[in-house]
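Printed here is protein_26.txt (compact mmCIF, C-alpha atoms):
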# COMPACT_ATOMS: atom_id res chain seq x y z
CA MET G 44 53.44 345.79 86.05
CA GLY G 45 52.03 345.05 89.49
CA GLY G 46 48.97 343.35 87.96
CA THR G 47 51.08 341.11 85.82
CA LYS G 48 53.11 339.99 88.82
CA THR G 49 49.98 339.16 90.78
CA GLN G 50 48.59 337.12 87.92
CA CYS G 51 51.80 335.06 87.65
CA ILE G 52 51.73 334.29 91.37
CA ARG G 53 48.17 333.01 91.10
CA THR G 54 49.01 330.86 88.11
CA THR G 55 51.99 329.37 89.96
CA GLU G 56 49.84 328.50 92.99
CA THR G 57 47.26 326.82 90.76
CA LEU G 58 49.91 324.73 89.05
CA PHE G 59 51.40 323.77 92.41
CA ARG G 60 48.06 322.66 93.70
CA CYS G 61 47.40 320.63 90.53
CA SER G 62 50.78 318.99 90.81
CA LEU G 63 50.12 318.09 94.45
CA CYS G 64 46.76 316.57 93.64
CA ALA G 65 48.24 314.58 90.76
CA ALA G 66 51.01 313.27 93.04
CA LEU G 67 48.48 312.18 95.67
CA LEU G 68 46.30 310.52 93.03
CA LEU G 69 49.23 308.69 91.52
CA GLY G 70 50.29 307.44 94.95
CA ARG G 71 46.79 306.17 95.68
CA VAL G 72 46.65 304.33 92.35
CA ALA G 73 50.10 302.82 92.89
CA SER G 74 49.22 301.51 96.34
CA LEU G 75 45.95 300.07 95.01
CA LEU G 76 47.72 298.27 92.14
CA SER G 77 50.36 296.81 94.47
CA LEU G 78 47.68 295.51 96.85
CA GLN G 79 45.65 293.87 94.04
CA THR G 80 48.78 292.18 92.66
CA HIS G 81 49.53 290.85 96.13
CA TYR G 82 46.08 289.28 96.52
CA LEU G 83 45.99 287.75 93.02
CA GLN G 84 49.21 285.82 93.77
CA LEU G 85 47.88 284.12 96.91
CA PRO G 86 48.89 280.41 97.39
CA ASP G 87 46.38 277.48 97.89
CA VAL G 88 44.73 277.54 101.25
CA SER G 89 42.79 274.95 103.18
CA VAL G 90 39.30 276.02 104.01
CA THR G 91 37.11 274.42 106.60
CA LYS G 92 33.45 274.95 107.20
CA MET G 93 32.08 275.50 110.65
CA GLY G 94 28.39 276.11 110.78
CA ASP G 95 27.44 278.50 108.04
CA LYS G 96 30.90 280.25 107.93
CA TRP G 97 34.07 279.38 106.05
CA LEU G 98 37.33 279.66 108.03
CA GLY G 99 40.97 279.64 107.01
CA THR G 100 41.86 283.25 106.21
CA GLU G 101 44.57 283.13 108.82
CA ASN G 102 46.69 281.12 106.39
CA ILE G 103 46.64 283.93 103.85
CA PRO G 104 49.89 285.88 104.06
CA GLY G 105 49.25 289.52 104.72
CA ALA G 106 45.59 288.97 105.40
CA MET G 107 44.03 291.61 107.54
CA THR G 108 42.21 290.59 110.68
CA LYS G 109 39.67 292.54 112.58
CA ASP G 110 40.61 293.75 115.96
CA PRO G 111 37.53 294.63 117.95
CA GLY G 112 39.53 297.03 120.19
CA LYS G 113 40.84 299.19 117.36
CA PRO G 114 38.83 301.39 115.05
CA GLN G 115 38.60 300.06 111.54
CA CYS G 116 39.92 302.14 108.75
CA PRO G 117 38.13 302.11 105.42
CA SER G 118 39.24 299.25 103.13
CA MET G 119 41.16 300.11 100.02
CA VAL G 120 40.07 296.83 98.23
CA SER G 121 37.09 297.08 95.92
CA PRO G 122 34.00 294.86 96.51
CA GLU G 123 34.48 293.19 93.11
CA LEU G 124 37.98 292.11 94.08
CA LYS G 125 36.71 290.76 97.39
CA ALA G 126 34.10 288.68 95.55
CA MET G 127 36.74 287.27 93.22
CA ILE G 128 38.91 286.30 96.17
CA ARG G 129 36.02 284.56 97.93
CA ILE G 130 35.04 282.60 94.77
CA LYS G 131 38.59 281.45 94.15
CA THR G 132 39.03 280.42 97.79
CA LYS G 133 35.83 278.36 97.79
CA TYR G 134 36.67 276.73 94.42
CA GLN G 135 40.14 275.66 95.61
CA ALA G 136 38.70 274.27 98.84
CA LEU G 137 36.06 272.25 97.00
CA LYS G 138 38.63 270.96 94.53
CA LYS G 139 40.90 269.79 97.31
CA ARG G 140 38.08 268.03 99.12
CA ARG G 141 37.03 266.20 95.93
CA LEU G 142 40.59 265.02 95.30
CA GLU G 143 40.89 263.74 98.87
CA SER G 144 37.55 261.90 98.73
CA THR G 145 38.21 260.08 95.39
CA PRO G 146 40.44 256.96 95.88
CA GLY G 147 43.35 256.40 93.54
CA ILE G 148 43.77 260.08 92.64
CA SER G 149 46.67 261.90 94.23
CA ASP G 150 47.98 264.04 91.44
CA PRO G 151 45.57 266.81 90.53
CA GLU G 152 47.28 267.25 87.15
CA LYS G 153 46.38 263.72 86.02
CA PRO G 154 42.92 263.08 84.69
CA PRO G 155 40.72 261.11 87.08
CA ALA G 156 40.25 257.39 86.38
CA VAL G 157 36.86 256.35 85.07
CA PRO G 158 35.05 254.06 87.56
CA ASN G 159 33.97 250.58 86.42
CA THR G 160 30.35 251.44 87.06
CA LEU G 161 30.54 254.21 84.46
CA ILE G 162 32.10 251.82 81.92
CA LYS G 163 29.33 249.30 82.55
CA MET G 164 26.67 251.96 82.18
CA GLU G 165 28.15 253.12 78.86
CA THR G 166 28.26 249.49 77.61
CA LEU G 167 24.61 248.96 78.57
CA GLN G 168 23.62 252.16 76.84
CA LYS G 169 25.37 251.05 73.63
CA ARG G 170 23.62 247.67 73.74
CA ARG G 171 20.26 249.29 74.25
CA SER G 172 20.85 251.62 71.35
CA ARG G 173 21.64 248.61 69.14
CA ARG G 174 18.42 246.87 70.10
CA GLY G 175 16.43 249.79 68.83
CA SER G 176 14.50 252.56 70.36
CA ARG G 177 11.98 251.68 73.01
CA VAL G 178 9.12 253.60 74.47
CA LEU G 179 9.60 253.96 78.22
CA PHE G 180 6.78 254.97 80.50
CA PRO G 181 7.09 256.49 83.98
CA ASN G 182 6.30 254.15 86.85
CA THR G 183 3.72 256.56 88.21
CA ARG G 184 1.60 256.54 85.07
CA CYS G 185 -0.53 253.99 83.28
CA LYS G 186 1.29 252.27 80.45
CA VAL G 187 -1.08 253.22 77.68
CA ALA G 188 0.21 254.21 74.27
CA ARG G 189 -0.96 257.47 72.82
CA ARG G 190 -3.95 257.04 70.53
CA ASP G 191 -3.43 257.74 66.91
CA VAL G 192 -5.60 260.70 66.14
CA ASP G 193 -5.54 259.87 62.43
CA ARG G 194 -6.95 256.33 62.85
CA SER G 195 -10.27 255.79 61.15
CA ARG G 196 -13.25 255.18 63.39
CA ALA G 197 -14.69 252.74 60.86
CA LYS G 198 -11.92 250.19 61.47
CA PRO G 199 -13.47 248.71 64.66
CA PHE G 200 -16.79 248.42 62.87
CA PHE G 201 -15.27 246.47 59.97
CA VAL G 202 -13.40 244.21 62.39
CA LEU G 203 -16.65 243.46 64.22
CA PHE G 204 -18.45 242.91 60.93
CA GLY G 205 -15.77 240.44 59.80
CA ILE G 206 -16.06 238.50 63.05
CA ILE G 207 -19.84 238.28 62.67
CA VAL G 208 -19.53 237.04 59.07
CA CYS G 209 -17.01 234.37 60.11
CA LEU G 210 -19.32 233.19 62.88
CA GLN G 211 -22.25 233.03 60.48
CA VAL G 212 -20.24 231.00 57.95
CA TYR G 213 -19.06 228.64 60.67
CA ASN G 214 -22.61 228.24 61.94
CA ALA G 215 -23.84 227.55 58.39
CA ILE G 216 -21.20 224.85 57.92
CA GLU G 217 -22.18 223.26 61.22
CA ASN G 218 -25.82 223.36 60.18
CA LEU G 219 -24.95 221.66 56.88
CA ASP G 220 -23.36 218.80 58.76
CA ASP G 221 -26.32 218.61 61.13
CA HIS G 222 -28.77 218.34 58.21
CA VAL G 223 -26.80 215.79 56.20
CA GLU G 224 -25.78 213.52 59.05
CA PRO G 225 -29.22 211.97 59.75
CA TYR G 226 -29.46 210.73 56.14
CA ASP G 227 -26.17 208.78 56.30
CA LEU G 228 -25.20 209.57 52.72
CA GLU G 229 -21.73 208.16 53.25
CA GLY G 230 -23.19 204.75 53.99
CA LEU G 231 -25.46 205.03 50.94
CA GLU G 232 -22.53 205.81 48.67
CA LYS G 233 -20.57 202.80 49.94
CA THR G 234 -23.56 200.56 49.37
CA LEU G 235 -24.07 201.77 45.80
CA HIS G 236 -20.40 201.33 44.88
CA ARG G 237 -20.41 197.85 46.37
CA GLU G 238 -23.60 196.52 44.78
CA VAL G 239 -23.96 198.49 41.51
CA PHE G 240 -21.26 197.60 38.94
CA GLY G 241 -19.87 199.83 36.21
CA GLN G 242 -21.75 203.01 37.16
CA GLN G 243 -19.16 204.93 39.20
CA VAL G 244 -19.71 208.18 37.28
CA ALA G 245 -23.49 208.02 37.59
CA ILE G 246 -23.24 207.18 41.30
CA GLY G 247 -20.92 210.14 41.89
CA GLU G 248 -23.28 212.51 40.11
CA LEU G 249 -26.28 211.14 42.00
CA MET G 250 -24.57 211.51 45.39
CA GLY G 251 -23.51 215.06 44.53
CA HIS G 252 -27.12 216.09 43.92
CA LEU G 253 -28.29 214.42 47.14
CA GLU G 254 -25.60 216.05 49.29
CA ASP G 255 -26.31 219.51 47.93
CA TYR G 256 -30.03 219.18 48.43
CA LEU G 257 -30.07 217.50 51.84
CA SER G 258 -27.59 219.96 53.35
CA THR G 259 -30.49 222.38 54.09
CA TYR G 260 -34.15 222.01 54.85
CA THR G 261 -35.55 225.08 53.08
CA HIS G 262 -35.57 224.95 49.26
CA SER G 263 -37.04 226.88 46.36
CA GLN G 264 -37.87 223.76 44.30
CA PRO G 265 -37.96 219.98 44.71
CA LEU G 266 -35.07 217.76 43.66
CA ALA G 267 -35.94 215.69 40.57
CA LEU G 268 -33.42 213.16 39.21
CA ALA G 269 -34.06 211.12 36.04
CA LEU G 270 -31.83 208.04 35.69
CA HIS G 271 -31.85 206.75 32.09
CA GLY G 272 -30.02 203.82 30.59
CA PRO G 273 -30.34 200.64 28.53
CA SER G 274 -31.89 197.50 29.90
CA GLY G 275 -29.82 195.59 32.49
CA VAL G 276 -27.41 198.41 33.54
CA GLY G 277 -28.78 198.55 37.11
CA LYS G 278 -31.52 201.20 37.16
CA SER G 279 -34.11 199.21 39.08
CA HIS G 280 -31.44 197.76 41.38
CA MET G 281 -30.23 201.26 42.21
CA GLY G 282 -33.83 202.36 42.88
CA ARG G 283 -34.32 199.46 45.34
CA LEU G 284 -31.09 200.36 47.15
CA LEU G 285 -32.16 204.00 47.43
CA ALA G 286 -35.60 203.09 48.80
CA ARG G 287 -34.13 200.59 51.28
CA HIS G 288 -31.57 203.06 52.58
CA PHE G 289 -33.96 205.99 53.05
CA ARG G 290 -36.53 203.74 54.74
CA SER G 291 -33.87 202.85 57.29
CA VAL G 292 -33.14 206.52 58.11
CA LEU G 293 -36.56 208.14 57.56
CA GLY G 294 -39.08 205.40 58.13
CA ASP G 295 -41.45 203.52 55.86
CA ASN G 296 -44.10 206.25 55.83
CA LEU G 297 -41.76 208.85 54.30
CA VAL G 298 -40.47 206.73 51.39
CA VAL G 299 -42.62 205.68 48.42
CA GLN G 300 -41.48 203.19 45.79
CA TYR G 301 -43.86 203.40 42.82
CA PHE G 302 -43.92 200.71 40.10
CA THR G 303 -45.96 201.70 37.06
CA GLN G 304 -46.96 198.19 36.01
CA HIS G 305 -48.07 197.36 39.53
CA HIS G 306 -49.78 200.58 40.66
CA CYS G 307 -51.18 201.66 37.29
CA PRO G 308 -51.41 198.76 34.85
CA ALA G 309 -52.10 199.40 31.20
CA GLN G 310 -55.70 198.16 31.39
CA GLY G 311 -56.48 200.16 34.54
CA ASP G 312 -58.33 203.43 34.97
CA VAL G 313 -55.90 206.31 34.32
CA LEU G 314 -57.97 208.83 36.32
CA HIS G 315 -57.93 206.47 39.28
CA CYS G 316 -54.14 206.22 38.96
CA VAL G 317 -53.87 210.02 38.92
CA ARG G 318 -56.02 210.38 42.03
CA ASP G 319 -54.18 207.61 43.82
CA LEU G 320 -50.73 209.04 43.07
CA THR G 321 -51.81 212.56 44.06
CA ARG G 322 -53.31 211.31 47.32
CA ARG G 323 -50.23 209.31 48.27
CA VAL G 324 -47.93 212.21 47.53
CA GLU G 325 -50.01 214.64 49.62
CA GLU G 326 -50.16 212.28 52.61
CA VAL G 327 -46.42 211.72 52.64
CA LEU G 328 -45.67 215.44 52.25
CA VAL G 329 -47.90 216.34 55.22
CA ARG G 330 -46.19 213.76 57.44
CA ALA G 331 -42.75 214.92 56.31
CA GLU G 332 -43.60 218.58 57.01
CA ALA G 333 -44.72 217.70 60.52
CA ARG G 334 -41.47 215.86 61.21
CA GLU G 335 -39.31 218.40 59.33
CA LYS G 336 -37.89 215.70 57.08
CA ILE G 337 -37.44 215.40 53.32
CA PRO G 338 -39.37 212.47 51.82
CA VAL G 339 -38.21 210.37 48.89
CA PHE G 340 -40.27 209.07 45.93
CA VAL G 341 -38.73 206.42 43.65
CA MET G 342 -40.70 206.09 40.40
CA ASP G 343 -39.72 203.01 38.39
CA GLU G 344 -40.76 202.12 34.84
CA VAL G 345 -41.56 205.74 33.98
CA GLU G 346 -41.45 204.92 30.28
CA LEU G 347 -44.72 202.97 30.81
CA MET G 348 -46.56 205.85 32.53
CA PRO G 349 -49.53 207.35 30.67
CA PRO G 350 -49.33 211.05 29.81
CA ALA G 351 -51.79 211.92 32.58
CA LEU G 352 -49.39 210.60 35.24
CA LEU G 353 -46.51 212.46 33.59
CA ASP G 354 -48.60 215.61 33.79
CA VAL G 355 -48.99 215.05 37.54
CA LEU G 356 -45.22 214.70 37.92
CA GLN G 357 -44.63 217.84 35.89
CA HIS G 358 -47.01 219.77 38.12
CA LEU G 359 -45.23 218.52 41.24
CA LEU G 360 -41.95 220.01 40.00
CA GLN G 361 -43.25 223.59 39.80
CA ARG G 362 -41.81 226.30 42.07
CA ASN G 363 -44.99 228.21 42.95
CA GLN G 364 -46.20 225.72 45.56
CA THR G 365 -46.43 225.44 49.31
CA ASN G 366 -43.36 224.69 51.38
CA GLU G 367 -44.05 220.97 51.82
CA HIS G 368 -44.17 220.53 48.03
CA LEU G 369 -40.70 222.08 47.68
CA ASN G 370 -38.90 219.86 50.23
CA VAL G 371 -39.10 216.53 48.46
CA ILE G 372 -36.92 214.23 46.30
CA TYR G 373 -38.20 212.50 43.14
CA VAL G 374 -36.11 209.78 41.47
CA LEU G 375 -37.40 208.72 38.02
CA LEU G 376 -36.07 205.48 36.49
CA SER G 377 -36.61 204.92 32.78
CA SER G 378 -35.12 203.27 29.73
CA LEU G 379 -36.28 206.06 27.41
CA GLY G 380 -33.52 207.36 25.18
CA GLN G 381 -31.41 204.21 25.44
CA GLY G 382 -30.74 204.37 21.70
CA ASP G 383 -28.94 207.72 22.10
CA ILE G 384 -26.85 206.35 24.97
CA VAL G 385 -25.81 203.23 23.04
CA ARG G 386 -24.91 205.30 19.99
CA HIS G 387 -22.72 207.70 21.96
CA VAL G 388 -20.96 204.93 23.86
CA LEU G 389 -20.18 202.81 20.78
CA ASN G 390 -19.58 205.37 18.05
CA ILE G 391 -18.85 208.82 19.45
CA SER G 392 -17.24 209.26 22.85
CA GLY G 393 -17.25 205.93 24.65
CA THR G 394 -19.17 207.45 27.59
CA ALA G 395 -22.85 208.02 28.25
CA HIS G 396 -22.52 211.48 29.77
CA ALA G 397 -21.73 213.06 26.42
CA ALA G 398 -25.24 212.07 25.31
CA ARG G 399 -26.93 214.31 27.90
CA SER G 400 -27.93 217.14 25.54
CA SER G 401 -29.21 214.90 22.75
CA LEU G 402 -30.93 212.70 25.34
CA ARG G 403 -32.88 215.63 26.73
CA LEU G 404 -34.08 216.58 23.24
CA THR G 405 -35.25 213.04 22.58
CA LEU G 406 -37.04 212.80 25.92
CA ALA G 407 -38.67 216.22 25.50
CA GLY G 408 -40.26 214.90 22.32
CA HIS G 409 -41.82 212.13 24.39
CA HIS G 410 -43.31 214.49 27.03
CA PRO G 411 -42.64 218.11 28.17
CA LEU G 412 -41.71 216.78 31.61
CA TRP G 413 -38.11 216.16 30.46
CA ALA G 414 -37.84 219.64 29.01
CA GLU G 415 -38.04 221.11 32.51
CA ASP G 416 -34.73 222.61 33.62
CA ARG G 417 -35.61 221.55 37.17
CA LEU G 418 -35.23 217.90 36.13
CA ASP G 419 -31.60 216.68 36.24
CA ILE G 420 -30.87 213.83 33.81
CA VAL G 421 -28.26 211.26 34.91
CA PRO G 422 -27.37 208.85 32.05
CA MET G 423 -26.15 205.33 32.89
CA THR G 424 -23.61 203.75 30.57
CA LEU G 425 -23.32 200.27 29.07
CA LEU G 426 -21.68 197.51 31.14
CA GLU G 427 -18.41 195.99 29.97
CA LYS G 428 -17.59 192.27 30.09
CA SER G 429 -15.63 192.71 33.33
CA HIS G 430 -18.70 194.22 34.98
CA VAL G 431 -20.83 191.27 33.84
CA MET G 432 -18.31 188.89 35.43
CA GLU G 433 -18.61 190.81 38.70
CA CYS G 434 -22.39 190.39 38.49
CA LEU G 435 -21.95 186.65 38.00
CA GLN G 436 -19.63 186.32 40.99
CA GLU G 437 -22.02 188.25 43.22
CA GLU G 438 -25.04 186.21 42.13
CA MET G 439 -23.20 182.89 42.53
CA THR G 440 -22.12 183.87 46.04
CA GLN G 441 -25.68 184.76 47.01
CA GLU G 442 -26.98 181.44 45.61
CA GLY G 443 -24.40 179.46 47.56
CA PHE G 444 -22.08 178.52 44.66
CA TYR G 445 -18.34 178.83 44.83
CA PRO G 446 -17.41 181.62 42.36
CA ASP G 447 -14.69 179.79 40.44
CA GLN G 448 -12.96 182.17 38.03
CA SER G 449 -12.89 179.75 35.10
CA HIS G 450 -16.55 178.93 35.58
CA VAL G 451 -17.44 182.64 35.72
CA GLU G 452 -15.56 183.27 32.47
CA LEU G 453 -17.42 180.42 30.74
CA LEU G 454 -20.78 181.84 31.81
CA ALA G 455 -19.76 185.32 30.65
CA GLU G 456 -18.79 184.03 27.22
CA GLU G 457 -22.34 182.77 26.69
CA LEU G 458 -23.74 186.33 26.70
CA SER G 459 -23.85 188.69 23.70
CA TYR G 460 -21.69 191.84 23.46
CA TYR G 461 -21.03 194.96 21.42
CA THR G 462 -17.42 195.49 20.34
CA ALA G 463 -16.15 199.07 20.00
CA MET G 464 -12.73 200.70 20.41
CA GLY G 465 -11.22 197.57 21.94
CA HIS G 466 -13.97 197.13 24.55
CA GLN G 467 -16.78 194.61 24.84
CA TYR G 468 -20.12 195.97 26.07
CA SER G 469 -22.96 193.67 27.12
CA LYS G 470 -26.12 194.08 25.05
CA ASN G 471 -28.40 193.17 27.97
CA GLY G 472 -26.21 194.17 30.88
CA CYS G 473 -26.61 191.91 33.92
CA LYS G 474 -30.23 191.11 33.17
CA GLN G 475 -29.54 187.52 32.05
CA VAL G 476 -27.11 186.78 34.87
CA VAL G 477 -29.77 185.52 37.26
CA ALA G 478 -31.16 183.13 34.62
CA ARG G 479 -27.65 181.78 33.85
CA VAL G 480 -26.88 181.16 37.52
CA ASN G 481 -30.22 179.45 38.08
CA LEU G 482 -29.30 176.91 35.39
CA LEU G 483 -26.31 175.70 37.42
Could you show the structure in this file as structure tokens?
Amino acid sequence: MGGTKTQCIRTTETLFRCSLCAALLLGRVASLLSLQTHYLQLPDVSVTKMGDKWLGTENIPGAMTKDPGKPQCPSMVSPELKAMIRIKTKYQALKKRRLESTPGISDPEKPPAVPNTLIKMETLQKRRSRRGSRVLFPNTRCKVARRDVDRSRAKPFFVLFGIIVCLQVYNAIENLDDHVEPYDLEGLEKTLHREVFGQQVAIGELMGHLEDYLSTYTHSQPLALALHGPSGVGKSHMGRLLARHFRSVLGDNLVVQYFTQHHCPAQGDVLHCVRDLTRRVEEVLVRAEAREKIPVFVMDEVELMPPALLDVLQHLLQRNQTNEHLNVIYVLLSSLGQGDIVRHVLNISGTAHAARSSLRLTLAGHHPLWAEDRLDIVPMTLLEKSHVMECLQEEMTQEGFYPDQSHVELLAEELSYYTAMGHQYSKNGCKQVVARVNLL
């Protein structure tokens, strides 16, 4: 019984002590909660900065101040709460200073007005974005774009190669002009068109061959032109004009005009003619090689040449010769094959150039010289009545007669003509014109 009473007393004391501790703990918690609620409801304060310290805690109601004469009791506010109070105080002070420094803003609830400078900057940014993206470089760096690592290294080489080719082509064109200019082919063409009647096609073909050949100095073969046509169409006259023109630009010693009846008559020694022609050709070629010029040989009356002289000409046209034998022009004038030309003009095509293939076959039967592919055949067509009248006017003017049109027509009617396909072609060309004018 006594033990039970003692145990109850001890239990009661323990409960009393627990109740006292709980009461003290609850009081401490209540005071802490009331103090935190008081600090969280603080009004706005004005904070000023002096040195490195912020002042203004004296405006906080209930704020505790340090008294240096009294001993400080331990604070009941947690460090976290103190940090929150300091952050809020600084934020409100900074907010108030910003509102005071910005003009036109008095109500902190209203949103701040956007300055004009910001509007202008936004407008400029929109315009720049419309123009497209641009690559901007810092001012402190060199404005060099980043190299494309995938670019082929062969591209600069091909660009350089293309430039070199263009320069070579340009230089070649300039050299062509430099080679052709001394021969004055433009003046020669004007002279032929003015003094040779009815042979515009043949003149054009002849000038084409001369321009192509004279444009360079180095050749693989000589230029050989064979002008064929009926009697009186202007072969010998064209040969004289060619010789006269090239003598004026090259000199007399680089142009040879060879007449078969004069230099190798029928009763003469053929071997002597061969030696003489070979010697003259060699002398002219040596002089032309020394002066770096292209000589010209005009051979007239080729149809009267003996086969030995034709053999010499054929040998001169070969490719396997020295350089001076390759830089030379031969012009052969002949009436061989005139029957083929007349037949084609009157019965087949009306032009002489269609007779080129048949003309070459006919001439090859006369001598193998005309079978050479290095010999270019230029056929000359028949002259019409209008061309004969032009010949009469020119001859009358040279003889001092007034070229009356009615008189010219009367003289033209006295000549004989072929009639084909509505055209009248003179049988003898302009060969009888001089004799008719001399009778005046």
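Distances here use all atoms listed in the file; by that measure, the residue among G:Pro446, G:Gly282, G:Pro273, G:Pro349 closest to Val388 of chain G is G:Pro273.
Closest approach to Leu379 of chain G among G:Met281, G:Leu253, G:Cys434, G:Ala269 is made by G:Ala269 (distances from only C-alpha atoms).
Between atom CA of Ala267 of chain G and atom CA of Val324 of chain G lies a distance of 14.3 Å.
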Suppose you want the space between atom CA of Val421 of chain G and atom CA of Gln361 of chain G; what is it in Å?
->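 About the pair atom CA of Val421 of chain G and atom CA of Gln361 of chain G: they are 20.0 Å apart.
Here atom CA of Thr303 of chain G stands at a distance of 24.7 Å from atom CA of His252 of chain G.
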Which one is closest to Val298 of chain G: G:Leu257, G:Ile130, G:Leu268, G:Val341? Count only C-alpha atoms.
->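 Nearest to Val298 of chain G: G:Val341.
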Pick out the closest residue to Val327 of chain G from this set: G:Glu224, G:Glu344, G:Glu367, G:Glu442. Count only C-alpha atoms.
-> G:Glu367
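Among the candidates G:Leu426, G:Val476, G:Leu360, G:Leu402, the one nearest to Gln242 of chain G when counting only C-alpha atoms is G:Leu426.
Using only C-alpha atoms, the nearest neighbour of Leu285 of chain G within the list G:Lys470, G:Arg362, G:Lys198, G:Lys233 is G:Lys233.
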Quick one: residues within 9 Å of Val317 of chain G, all atoms listed in the file counted, chain neighbours fewer than 4 positions away excluded, as number ranges by chain?
-> G: 307, 312-313, 321-322, 351-352, 355
Test item: residues at most 12 Å from Tyr301 of chain G, only C-alpha atoms, excluding those fewer than 6 positions along its chain, as a ChimeraX atom specification | /G:279,282-283,286,307-308,316,319-320,323-324,339-345,348,352,373-376
Please provide as a PyMOL selection string all residues within 12 Å of His236 of chain G, with the sequence filter that same-chain residues fewer than 6 positions apart are discarded (counting only C-alpha atoms).
-> chain G and resi 229-230+242-247+249-250+277+281+284
The selected residues should be written to file as an mmCIF file, in the frame of the given file (atoms: C-alpha atoms).
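File written: result.cif
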data_model
loop_
_atom_site.group_PDB
_atom_site.id
_atom_site.type_symbol
_atom_site.label_atom_id
_atom_site.label_comp_id
_atom_site.auth_asym_id
_atom_site.auth_seq_id
_atom_site.Cartn_x
_atom_site.Cartn_y
_atom_site.Cartn_z
ATOM 1 C CA GLU G 229 -21.730 208.160 53.250
ATOM 2 C CA GLY G 230 -23.190 204.750 53.990
ATOM 3 C CA GLN G 242 -21.750 203.010 37.160
ATOM 4 C CA GLN G 243 -19.160 204.930 39.200
ATOM 5 C CA VAL G 244 -19.710 208.180 37.280
ATOM 6 C CA ALA G 245 -23.490 208.020 37.590
ATOM 7 C CA ILE G 246 -23.240 207.180 41.300
ATOM 8 C CA GLY G 247 -20.920 210.140 41.890
ATOM 9 C CA LEU G 249 -26.280 211.140 42.000
ATOM 10 C CA MET G 250 -24.570 211.510 45.390
ATOM 11 C CA GLY G 277 -28.780 198.550 37.110
ATOM 12 C CA MET G 281 -30.230 201.260 42.210
ATOM 13 C CA LEU G 284 -31.090 200.360 47.150
#
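The environment of Ser263 of chain G within 8 Å, counting only C-alpha atoms and disregarding residues fewer than 2 places along the same chain, consists of Thr261, Pro265, Arg362 and Leu369 of chain G.
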Neighbours of Tyr461 of chain G within 10 Å (only C-alpha atoms; same-chain residues fewer than 3 positions away dropped), as a JSON list (two decimals) with C-alpha atoms, keeping the file's coordinate frame?
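Written out: selection38.json:
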[["chain", "number", "residue", "atom", "x", "y", "z"],
["G", 385, "VAL", "CA", -25.81, 203.23, 23.04],
["G", 389, "LEU", "CA", -20.18, 202.81, 20.78],
["G", 425, "LEU", "CA", -23.32, 200.27, 29.07],
["G", 427, "GLU", "CA", -18.41, 195.99, 29.97],
["G", 428, "LYS", "CA", -17.59, 192.27, 30.09],
["G", 466, "HIS", "CA", -13.97, 197.13, 24.55],
["G", 467, "GLN", "CA", -16.78, 194.61, 24.84],
["G", 468, "TYR", "CA", -20.12, 195.97, 26.07],
["G", 469, "SER", "CA", -22.96, 193.67, 27.12],
["G", 470, "LYS", "CA", -26.12, 194.08, 25.05]]
